[in-house]
$ cat query_7.txt   # compact mmCIF, C-alpha atoms
# COMPACT_ATOMS: atom_id res chain seq x y z
CA MET A 1 -1.62 -8.32 18.61
CA SER A 2 1.10 -10.89 18.99
CA GLY A 3 1.61 -10.94 15.25
CA PHE A 4 5.26 -9.94 15.17
CA GLY A 5 6.67 -10.35 11.70
CA GLY A 6 3.30 -11.13 10.18
CA VAL A 7 0.05 -12.30 11.67
CA LEU A 8 -0.55 -15.33 9.51
CA PRO A 9 1.20 -18.19 11.36
CA TRP A 10 -0.31 -17.00 14.61
CA ALA A 11 -3.78 -16.70 13.09
CA ARG A 12 -3.51 -20.26 11.86
CA ARG A 13 -2.46 -21.59 15.25
CA THR A 14 -5.33 -19.85 17.07
CA ILE A 15 -8.09 -20.49 14.57
CA VAL A 16 -7.27 -24.03 13.55
CA GLU A 17 -5.21 -25.62 16.31
CA GLN A 18 -6.36 -24.01 19.57
CA GLU A 19 -9.96 -22.94 19.04
CA GLN A 20 -10.71 -25.46 16.28
CA TRP A 21 -13.18 -23.04 14.70
CA ILE A 22 -12.49 -24.44 11.26
CA SER A 23 -10.60 -27.40 9.83
CA SER A 24 -7.10 -27.18 8.48
CA GLU A 25 -8.29 -27.89 4.93
CA GLU A 26 -10.92 -25.21 5.05
CA PHE A 27 -8.37 -22.76 6.41
CA SER A 28 -5.95 -23.50 3.56
CA ALA A 29 -8.70 -23.11 0.98
CA MET A 30 -9.75 -19.78 2.48
CA LEU A 31 -6.17 -18.60 2.63
CA GLY A 32 -5.63 -19.56 -1.01
CA ILE A 33 -8.51 -17.34 -2.07
CA CYS A 34 -7.50 -14.50 0.26
CA GLN A 35 -3.96 -14.40 -1.03
CA ILE A 36 -4.92 -14.07 -4.65
CA VAL A 37 -7.68 -11.50 -4.54
CA PRO A 38 -6.56 -7.88 -4.18
CA GLY A 39 -6.35 -6.20 -0.81
CA PRO A 40 -4.50 -6.84 2.45
CA ASN A 41 -4.31 -10.64 2.77
CA ILE A 42 -4.81 -10.82 6.49
CA VAL A 43 -7.80 -8.49 6.39
CA ASN A 44 -9.31 -10.63 3.66
CA LEU A 45 -8.77 -13.67 5.85
CA ALA A 46 -10.45 -11.93 8.79
CA VAL A 47 -13.46 -11.24 6.57
CA CYS A 48 -13.64 -14.88 5.44
CA VAL A 49 -13.34 -16.35 8.94
CA GLY A 50 -15.58 -13.73 10.55
CA SER A 51 -18.34 -13.99 7.96
CA ARG A 52 -18.25 -17.80 8.17
CA PHE A 53 -19.61 -17.53 11.72
CA ALA A 54 -21.58 -14.33 11.98
CA GLY A 55 -22.10 -12.91 8.50
CA ILE A 56 -21.38 -9.27 7.97
CA ARG A 57 -21.25 -8.46 11.67
CA GLY A 58 -18.71 -11.22 12.21
CA ALA A 59 -16.58 -9.87 9.37
CA ILE A 60 -16.60 -6.36 10.81
CA ALA A 61 -15.85 -7.64 14.31
CA SER A 62 -12.83 -9.61 13.10
CA ILE A 63 -11.42 -6.65 11.19
CA LEU A 64 -11.74 -4.38 14.22
CA GLY A 65 -10.28 -7.01 16.54
CA LEU A 66 -7.37 -7.50 14.20
CA MET A 67 -6.57 -3.83 13.65
CA LEU A 68 -7.29 -1.75 16.75
CA GLY A 69 -4.38 -2.94 18.90
CA PRO A 70 -1.74 -2.74 16.17
CA ILE A 71 -2.96 0.71 15.07
CA ALA A 72 -2.53 2.01 18.63
CA ILE A 73 0.95 0.51 18.91
CA VAL A 74 2.12 1.77 15.56
CA ILE A 75 0.92 5.32 16.33
CA LEU A 76 2.86 5.14 19.59
CA LEU A 77 5.94 4.09 17.60
CA GLY A 78 5.27 6.93 15.17
CA ILE A 79 5.32 9.41 18.04
CA LEU A 80 8.56 7.93 19.38
CA TYR A 81 9.99 8.18 15.87
CA GLU A 82 9.15 11.91 15.68
CA HIS A 83 11.12 12.48 18.88
CA TYR A 84 14.12 10.24 18.34
CA SER A 85 14.63 9.97 14.59
CA TYR A 86 17.51 12.47 14.75
CA MET A 87 19.64 9.92 16.64
CA ALA A 88 22.19 8.10 14.51
CA VAL A 89 21.47 4.84 16.37
CA VAL A 90 17.76 5.01 15.53
CA GLN A 91 18.48 5.88 11.90
CA GLY A 92 20.91 2.98 11.62
CA MET A 93 18.48 0.58 13.22
CA LEU A 94 15.69 1.56 10.81
CA ARG A 95 18.06 1.25 7.83
CA GLY A 96 18.91 -2.29 8.90
CA VAL A 97 15.29 -3.24 9.47
CA SER A 98 14.11 -1.83 6.16
CA ALA A 99 16.83 -3.69 4.24
CA VAL A 100 15.70 -6.92 5.90
CA GLY A 101 12.05 -6.00 5.27
CA VAL A 102 12.65 -5.66 1.53
CA GLY A 103 14.42 -9.01 1.53
CA LEU A 104 11.47 -10.63 3.31
CA ILE A 105 9.04 -9.28 0.72
CA ALA A 106 11.22 -10.52 -2.13
CA SER A 107 11.49 -13.94 -0.48
CA THR A 108 7.69 -14.12 -0.24
CA GLY A 109 7.56 -13.46 -3.98
CA PHE A 110 10.18 -16.12 -4.73
CA LYS A 111 8.44 -18.68 -2.51
CA MET A 112 5.19 -18.05 -4.35
CA MET A 113 7.06 -18.40 -7.64
CA ARG A 114 8.25 -21.92 -6.77
CA SER A 115 4.79 -23.30 -7.46
CA GLU A 116 4.74 -21.57 -10.85
CA LEU A 117 7.81 -23.43 -12.04
CA ASN A 118 5.86 -26.59 -12.88
CA PHE A 119 4.14 -24.64 -15.65
CA PRO A 120 6.98 -22.49 -17.03
CA SER A 121 5.02 -20.53 -19.64
CA MET A 122 3.34 -18.74 -16.75
CA LEU A 123 6.72 -17.10 -16.17
CA ILE A 124 5.91 -14.91 -19.19
CA VAL A 125 3.11 -13.31 -17.22
CA ILE A 126 5.39 -12.85 -14.20
CA ILE A 127 8.17 -11.28 -16.27
CA PHE A 128 5.69 -9.04 -18.10
CA THR A 129 4.26 -7.89 -14.77
CA ILE A 130 7.68 -7.18 -13.27
CA LEU A 131 8.88 -5.25 -16.35
CA GLY A 132 5.60 -3.39 -16.73
CA ALA A 133 5.55 -2.28 -13.13
CA SER A 134 9.20 -1.55 -12.41
CA TYR A 135 10.83 -0.81 -15.78
CA PHE A 136 8.12 0.81 -17.88
CA HIS A 137 6.32 2.26 -14.87
CA PHE A 138 2.80 1.56 -16.09
CA GLY A 139 0.43 2.19 -13.21
CA LEU A 140 -0.46 -0.84 -11.15
CA GLY A 141 -4.01 -0.81 -12.51
CA TRP A 142 -2.73 -0.89 -16.09
CA VAL A 143 -0.32 -3.72 -15.38
CA VAL A 144 -3.12 -5.80 -13.91
CA LEU A 145 -5.43 -4.95 -16.82
CA LEU A 146 -2.83 -5.68 -19.52
CA ALA A 147 -1.50 -8.87 -17.95
CA SER A 148 -4.88 -10.39 -17.04
CA PRO A 149 -5.93 -11.73 -20.47
CA LEU A 150 -2.66 -13.61 -20.94
CA ALA A 151 -2.68 -14.73 -17.30
CA LEU A 152 -6.23 -16.11 -17.67
CA TYR A 153 -5.42 -17.80 -20.97
CA LEU A 154 -2.31 -19.51 -19.59
CA ALA A 155 -4.10 -20.35 -16.34
CA TRP A 156 -6.87 -22.04 -18.32
CA LYS A 157 -4.26 -24.14 -20.17
CA LYS A 158 -2.58 -24.97 -16.86
CA ALA A 159 -5.90 -25.94 -15.27
CA THR A 160 -6.98 -28.16 -18.18
CA LYS A 161 -3.56 -29.74 -18.67
CA MET B 1 -9.63 18.10 5.12
CA SER B 2 -8.86 17.94 1.42
CA ALA B 3 -5.68 15.95 2.11
CA LEU B 4 -7.72 13.55 4.23
CA LEU B 5 -10.34 13.16 1.50
CA SER B 6 -7.78 12.62 -1.24
CA LEU B 7 -6.00 10.09 0.98
CA PHE B 8 -9.25 8.23 1.57
CA LEU B 9 -10.26 8.13 -2.12
CA LYS B 10 -6.84 7.12 -3.42
CA PHE B 11 -6.19 4.45 -0.82
CA SER B 12 -9.68 3.05 -1.46
CA ALA B 13 -8.86 2.74 -5.15
CA PHE B 14 -5.53 1.05 -4.37
CA SER B 15 -7.32 -1.55 -2.30
CA LEU B 16 -8.92 -3.11 -5.36
CA ILE B 17 -5.76 -3.47 -7.43
CA ALA B 18 -3.51 -4.77 -4.66
CA PHE B 19 -3.00 -8.29 -6.04
CA GLY B 20 -0.41 -9.79 -3.72
CA GLY B 21 -1.50 -7.66 -0.76
CA ILE B 22 0.05 -4.54 0.69
CA ASN B 23 3.55 -5.71 -0.23
CA ALA B 24 2.69 -5.28 -3.90
CA LEU B 25 1.29 -1.85 -3.24
CA LEU B 26 4.33 -0.23 -1.63
CA PRO B 27 5.75 1.44 -4.78
CA VAL B 28 2.35 2.99 -5.54
CA LEU B 29 2.15 4.25 -1.97
CA PHE B 30 5.62 5.71 -2.37
CA ASP B 31 4.70 7.45 -5.62
CA LEU B 32 1.58 8.96 -4.12
CA SER B 33 2.84 10.05 -0.72
CA VAL B 34 6.41 11.08 -1.62
CA THR B 35 6.55 11.99 -5.31
CA GLN B 36 3.07 13.35 -6.01
CA GLU B 37 1.62 14.73 -2.80
CA HIS B 38 4.84 15.41 -0.82
CA TRP B 39 3.17 14.23 2.36
CA ILE B 40 6.43 12.66 3.55
CA SER B 41 10.08 12.52 2.44
CA SER B 42 11.58 9.43 0.90
CA GLN B 43 13.57 8.89 4.12
CA THR B 44 10.43 9.03 6.24
CA PHE B 45 8.76 6.52 3.93
CA ALA B 46 11.68 4.13 4.36
CA ASP B 47 11.55 4.60 8.14
CA TYR B 48 7.78 4.07 8.31
CA PHE B 49 8.24 0.92 6.25
CA ALA B 50 10.86 -0.27 8.76
CA ILE B 51 8.64 0.55 11.75
CA ALA B 52 5.71 -1.31 10.18
CA GLN B 53 7.92 -4.35 9.57
CA ALA B 54 9.19 -4.42 13.14
CA ALA B 55 5.86 -3.66 14.86
CA PRO B 56 3.38 -6.37 15.76
CA GLY B 57 0.32 -6.62 13.55
CA PRO B 58 -0.52 -6.76 9.86
CA ASN B 59 2.06 -5.40 7.42
CA LEU B 60 -0.32 -2.71 6.21
CA MET B 61 0.82 -0.50 9.10
CA THR B 62 2.93 1.54 6.65
CA VAL B 63 -0.42 2.83 5.39
CA THR B 64 -1.53 3.64 8.94
CA LEU B 65 1.64 5.64 9.60
CA ILE B 66 1.29 7.66 6.40
CA GLY B 67 -2.29 8.48 7.37
CA TRP B 68 -1.16 9.40 10.86
CA HIS B 69 1.47 11.75 9.43
CA VAL B 70 -1.12 13.45 7.19
CA SER B 71 -3.72 14.11 9.86
CA GLY B 72 -3.08 12.51 13.19
CA ILE B 73 -5.10 9.71 14.72
CA ILE B 74 -8.10 10.36 12.46
CA GLY B 75 -5.77 10.16 9.46
CA ALA B 76 -4.37 6.84 10.70
CA VAL B 77 -7.85 5.34 11.07
CA VAL B 78 -9.11 6.76 7.77
CA ALA B 79 -6.08 5.50 5.83
CA THR B 80 -6.33 2.03 7.35
CA LEU B 81 -10.06 1.78 6.69
CA ALA B 82 -9.64 3.10 3.16
CA ILE B 83 -7.16 0.38 2.25
CA CYS B 84 -9.43 -2.32 3.73
CA TRP B 85 -13.05 -1.66 2.93
CA PRO B 86 -13.27 -2.11 -0.87
CA SER B 87 -11.32 -5.37 -0.90
CA SER B 88 -13.18 -6.60 2.19
CA ILE B 89 -16.54 -6.15 0.49
CA MET B 90 -15.18 -7.82 -2.62
CA ILE B 91 -13.80 -10.87 -0.80
CA TYR B 92 -17.04 -11.18 1.17
CA PHE B 93 -18.94 -11.93 -2.02
CA LEU B 94 -16.13 -13.41 -4.09
CA GLN B 95 -15.39 -16.05 -1.47
CA ARG B 96 -18.83 -17.61 -1.89
CA TYR B 97 -18.69 -17.25 -5.65
CA ILE B 98 -15.33 -19.00 -5.98
CA THR B 99 -16.12 -21.80 -3.51
CA ASN B 100 -19.45 -22.45 -5.23
CA MET B 101 -18.06 -22.60 -8.76
CA GLN B 102 -19.35 -25.77 -10.38
CA ASP B 103 -16.45 -26.30 -12.73
CA PRO B 104 -13.21 -26.97 -10.81
CA ARG B 105 -11.21 -25.99 -13.91
CA LYS B 106 -12.67 -22.49 -13.82
CA GLN B 107 -11.88 -22.26 -10.13
CA LYS B 108 -8.28 -23.30 -10.78
CA THR B 109 -8.00 -20.89 -13.71
CA VAL B 110 -8.92 -17.92 -11.52
CA GLN B 111 -6.53 -19.08 -8.82
CA PHE B 112 -3.58 -19.65 -11.15
CA ALA B 113 -4.07 -16.37 -13.01
CA ALA B 114 -4.35 -14.27 -9.87
CA GLY B 115 -1.46 -16.18 -8.32
CA ALA B 116 0.85 -15.35 -11.24
CA LEU B 117 -0.13 -11.67 -11.12
CA ALA B 118 0.55 -11.62 -7.39
CA VAL B 119 4.04 -13.14 -7.83
CA GLY B 120 4.98 -10.58 -10.49
CA LEU B 121 3.67 -7.62 -8.54
CA VAL B 122 5.29 -8.64 -5.25
CA LEU B 123 8.69 -9.14 -6.91
CA ALA B 124 8.38 -5.88 -8.84
CA SER B 125 7.48 -4.13 -5.62
CA ALA B 126 10.46 -5.54 -3.73
CA TRP B 127 12.74 -4.40 -6.55
CA GLN B 128 11.35 -0.85 -6.69
CA ILE B 129 11.31 -0.41 -2.93
CA ALA B 130 14.87 -1.71 -2.65
CA LEU B 131 15.96 1.00 -5.11
CA GLN B 132 14.29 3.63 -2.93
CA ILE B 133 15.42 2.60 0.53
CA ASN B 134 18.74 0.81 0.14
CA HIS B 135 21.52 3.38 -0.18
CA SER B 136 24.61 1.21 0.17
CA TYR B 137 26.08 -2.07 -1.04
CA ALA B 138 25.89 -3.26 2.56
CA ALA B 139 22.12 -2.70 2.57
CA TYR B 140 21.68 -4.62 -0.71
CA THR B 141 23.85 -7.42 0.64
CA LEU B 142 21.68 -7.59 3.77
CA SER B 143 18.53 -7.75 1.62
CA ILE B 144 19.98 -10.55 -0.52
CA VAL B 145 21.17 -12.53 2.49
CA THR B 146 17.68 -12.12 3.97
CA ILE B 147 16.14 -13.59 0.82
CA ALA B 148 18.48 -16.58 0.99
CA VAL B 149 17.87 -17.23 4.70
CA ALA B 150 14.11 -16.82 4.37
CA MET B 151 14.02 -19.14 1.34
CA PHE B 152 16.18 -21.96 2.63
CA THR B 153 15.68 -22.00 6.40
CA ARG B 154 12.64 -21.93 8.66
CA TRP B 155 13.84 -19.05 10.84
CA HIS B 156 11.16 -16.77 12.18
CA PRO B 157 11.27 -13.42 10.32
CA LEU B 158 11.54 -11.62 13.64
CA TYR B 159 15.07 -12.99 14.14
CA LEU B 160 16.09 -11.55 10.79
CA ILE B 161 14.53 -8.20 11.65
CA ALA B 162 16.39 -8.20 14.98
CA ILE B 163 19.67 -9.01 13.23
CA GLY B 164 19.04 -6.21 10.73
CA ALA B 165 18.36 -3.77 13.57
CA ALA B 166 21.55 -4.84 15.38
CA LEU B 167 23.68 -4.46 12.25
CA GLY B 168 22.14 -1.03 11.71
CA VAL B 169 22.85 0.08 15.29
CA LEU B 170 26.45 -1.00 14.85
CA GLY B 171 26.59 1.24 11.78
CA LEU B 172 27.29 -1.61 9.37
CA VAL B 173 24.36 -1.00 6.99
$ encode --input "query_7.txt" --output "structure tokens"
Amino acid sequence: MSGFGGVLPWARRTIVEQEQWISSEEFSAMLGICQIVPGPNIVNLAVCVGSRFAGIRGAIASILGLMLGPIAIVILLGILYEHYSYMAVVQGMLRGVSAVGVGLIASTGFKMMRSELNFPSMLIVIIFTILGASYFHFGLGWVVLLASPLALYLAWKKATK
Amino acid sequence: MSALLSLFLKFSAFSLIAFGGINALLPVLFDLSVTQEHWISSQTFADYFAIAQAAPGPNLMTVTLIGWHVSGIIGAVVATLAICWPSSIMIYFLQRYITNMQDPRKQKTVQFAAGALAVGLVLASAWQIALQINHSYAAYTLSIVTIAVAMFTRWHPLYLIAIGAALGVLGLV
């Protein structure tokens, strides 16, 4: 609920530092897996943490706990938007926020790319993915399918280096 | 009902290819809900994206808002569940599989490969979404400045969002 601008830092503070449910190392390892598999990262993390303690029921409980509040708030905002989106001030505000939002997403991508730079041939996969998705407009499924063999091959070389 | 069903099936399928999370999925969501199905206009998509960024909670709230637009509260819940359940089931099993892998090189290989795909897809997504929602040089400048600040400082993203909102209210973006 208090996850303004992303839930992750807050999740870490609660789970690791305050409640001490799991150790910092275990949290990082879980997060590493959750960020690479498909699907919403934070939901994946909720499944990992929840199932660690109470199996499937724990996983479902964490997802519901994570989502119900924000869904209610965002629907409320959606209703407000329906009523006030004609106002120039609201339109301007949303334009500003969305421009920042895009920048934040790009910066996440660039931050993740930093760790790829120590094995530069992996950049081929990244460039192929970017061109395939945004220039040639292959569907996302195709991009993943076409890029995976090369990604796995290069990753194997990187891992055995 | 048919819109709700098609929303559920398509979002469920997206869930399993969303390497890099919802951020990587935004262009596909745009294609589906604006270009193909005409559920919402491109402006509404941009606004929902902005609302989801500014609201508390996970960044998949863009999905929730699209679902809400299609069929109210039920639509919001269905869309959110659809984007979560396939990947949740997958991670539930995959987590054990990856942590129990005997050969650490195999484990690393999977991590590196998926990591590279995620980087490419997130950057491609940012690029495509920027083309859809930024309509002025000022907006692109704001996006680029955001990248720089987020990369080289430790500011909380909420400050940047607040600054963006303020600049927008003043009519500068």
$ interface_residues --input "query_7.txt" --of "chain B" --to "chain A" --cutoff "6 Å" --atoms "only C-alpha atoms" --output "PyMOL selection string"
chain B and resi 15-19+21-22+47+50+56-58+87-88+105+108-109+112-116+119-120+122-124+126+139+143+146-147+157-158+161+164-165+168-169+171+173
$ atom_distance --input "query_7.txt" --atom1 "CA of Asp31 in chain B" --atom2 "CA of Val63 in chain B"
13.0 Å
$ axis_aligned_box --input "query_7.txt" --around "range 95-111 of chain B" --padding-each-side "4 Å" --output "JSON"
{"center_x": -13.0, "center_y": -21.5, "center_z": -7.7, "size_x": 20.9, "size_y": 18.9, "size_z": 20.4}
$ residues_around --input "query_7.txt" --residues "Phe8 in chain B" --least-positions-apart "6" --cutoff "10 Å" --atoms "only C-alpha atoms" --output "number ranges by chain"
B: 2, 67, 75, 78-83
$ closest_residue --input "query_7.txt" --among "B:Tyr137, B:Gln128, B:Leu172, B:Leu117" --to "Gly20 in chain B" --atoms "all atoms listed in the file"
B:Leu117
$ build_atoms --input "query_7.txt" --residues "range 150-161 of chain A" --atoms "N, CA and C atoms" --output "PDB file, keeping the file's coordinate frame"
ATOM      1  N   LEU A 150      -3.665 -12.565 -20.756  1.00  0.00           N
ATOM      2  CA  LEU A 150      -2.660 -13.610 -20.940  1.00  0.00           C
ATOM      3  C   LEU A 150      -2.623 -14.539 -19.720  1.00  0.00           C
ATOM      4  N   ALA A 151      -2.705 -13.929 -18.532  1.00  0.00           N
ATOM      5  CA  ALA A 151      -2.680 -14.730 -17.300  1.00  0.00           C
ATOM      6  C   ALA A 151      -3.853 -15.715 -17.289  1.00  0.00           C
ATOM      7  N   LEU A 152      -5.047 -15.231 -17.675  1.00  0.00           N
ATOM      8  CA  LEU A 152      -6.230 -16.110 -17.670  1.00  0.00           C
ATOM      9  C   LEU A 152      -6.099 -17.199 -18.718  1.00  0.00           C
ATOM     10  N   TYR A 153      -5.580 -16.827 -19.901  1.00  0.00           N
ATOM     11  CA  TYR A 153      -5.420 -17.800 -20.970  1.00  0.00           C
ATOM     12  C   TYR A 153      -4.466 -18.918 -20.542  1.00  0.00           C
ATOM     13  N   LEU A 154      -3.291 -18.525 -20.014  1.00  0.00           N
ATOM     14  CA  LEU A 154      -2.310 -19.510 -19.590  1.00  0.00           C
ATOM     15  C   LEU A 154      -2.833 -20.333 -18.394  1.00  0.00           C
ATOM     16  N   ALA A 155      -3.558 -19.650 -17.510  1.00  0.00           N
ATOM     17  CA  ALA A 155      -4.100 -20.350 -16.340  1.00  0.00           C
ATOM     18  C   ALA A 155      -5.112 -21.400 -16.769  1.00  0.00           C
ATOM     19  N   TRP A 156      -5.902 -21.085 -17.790  1.00  0.00           N
ATOM     20  CA  TRP A 156      -6.870 -22.040 -18.320  1.00  0.00           C
ATOM     21  C   TRP A 156      -6.156 -23.265 -18.869  1.00  0.00           C
ATOM     22  N   LYS A 157      -5.046 -23.008 -19.627  1.00  0.00           N
ATOM     23  CA  LYS A 157      -4.260 -24.140 -20.170  1.00  0.00           C
ATOM     24  C   LYS A 157      -3.669 -24.968 -19.042  1.00  0.00           C
ATOM     25  N   LYS A 158      -3.178 -24.264 -17.984  1.00  0.00           N
ATOM     26  CA  LYS A 158      -2.580 -24.970 -16.860  1.00  0.00           C
ATOM     27  C   LYS A 158      -3.639 -25.821 -16.130  1.00  0.00           C
ATOM     28  N   ALA A 159      -4.837 -25.256 -16.020  1.00  0.00           N
ATOM     29  CA  ALA A 159      -5.900 -25.940 -15.270  1.00  0.00           C
ATOM     30  C   ALA A 159      -6.437 -27.149 -16.045  1.00  0.00           C
ATOM     31  N   THR A 160      -6.409 -27.071 -17.374  1.00  0.00           N
ATOM     32  CA  THR A 160      -6.980 -28.160 -18.180  1.00  0.00           C
ATOM     33  C   THR A 160      -5.916 -29.137 -18.644  1.00  0.00           C
ATOM     34  N   LYS A 161      -4.673 -28.906 -18.229  1.00  0.00           N
ATOM     35  CA  LYS A 161      -3.560 -29.740 -18.670  1.00  0.00           C
ATOM     36  C   LYS A 161      -3.774 -31.194 -18.265  1.00  0.00           C
TER      37      LYS A 161
END
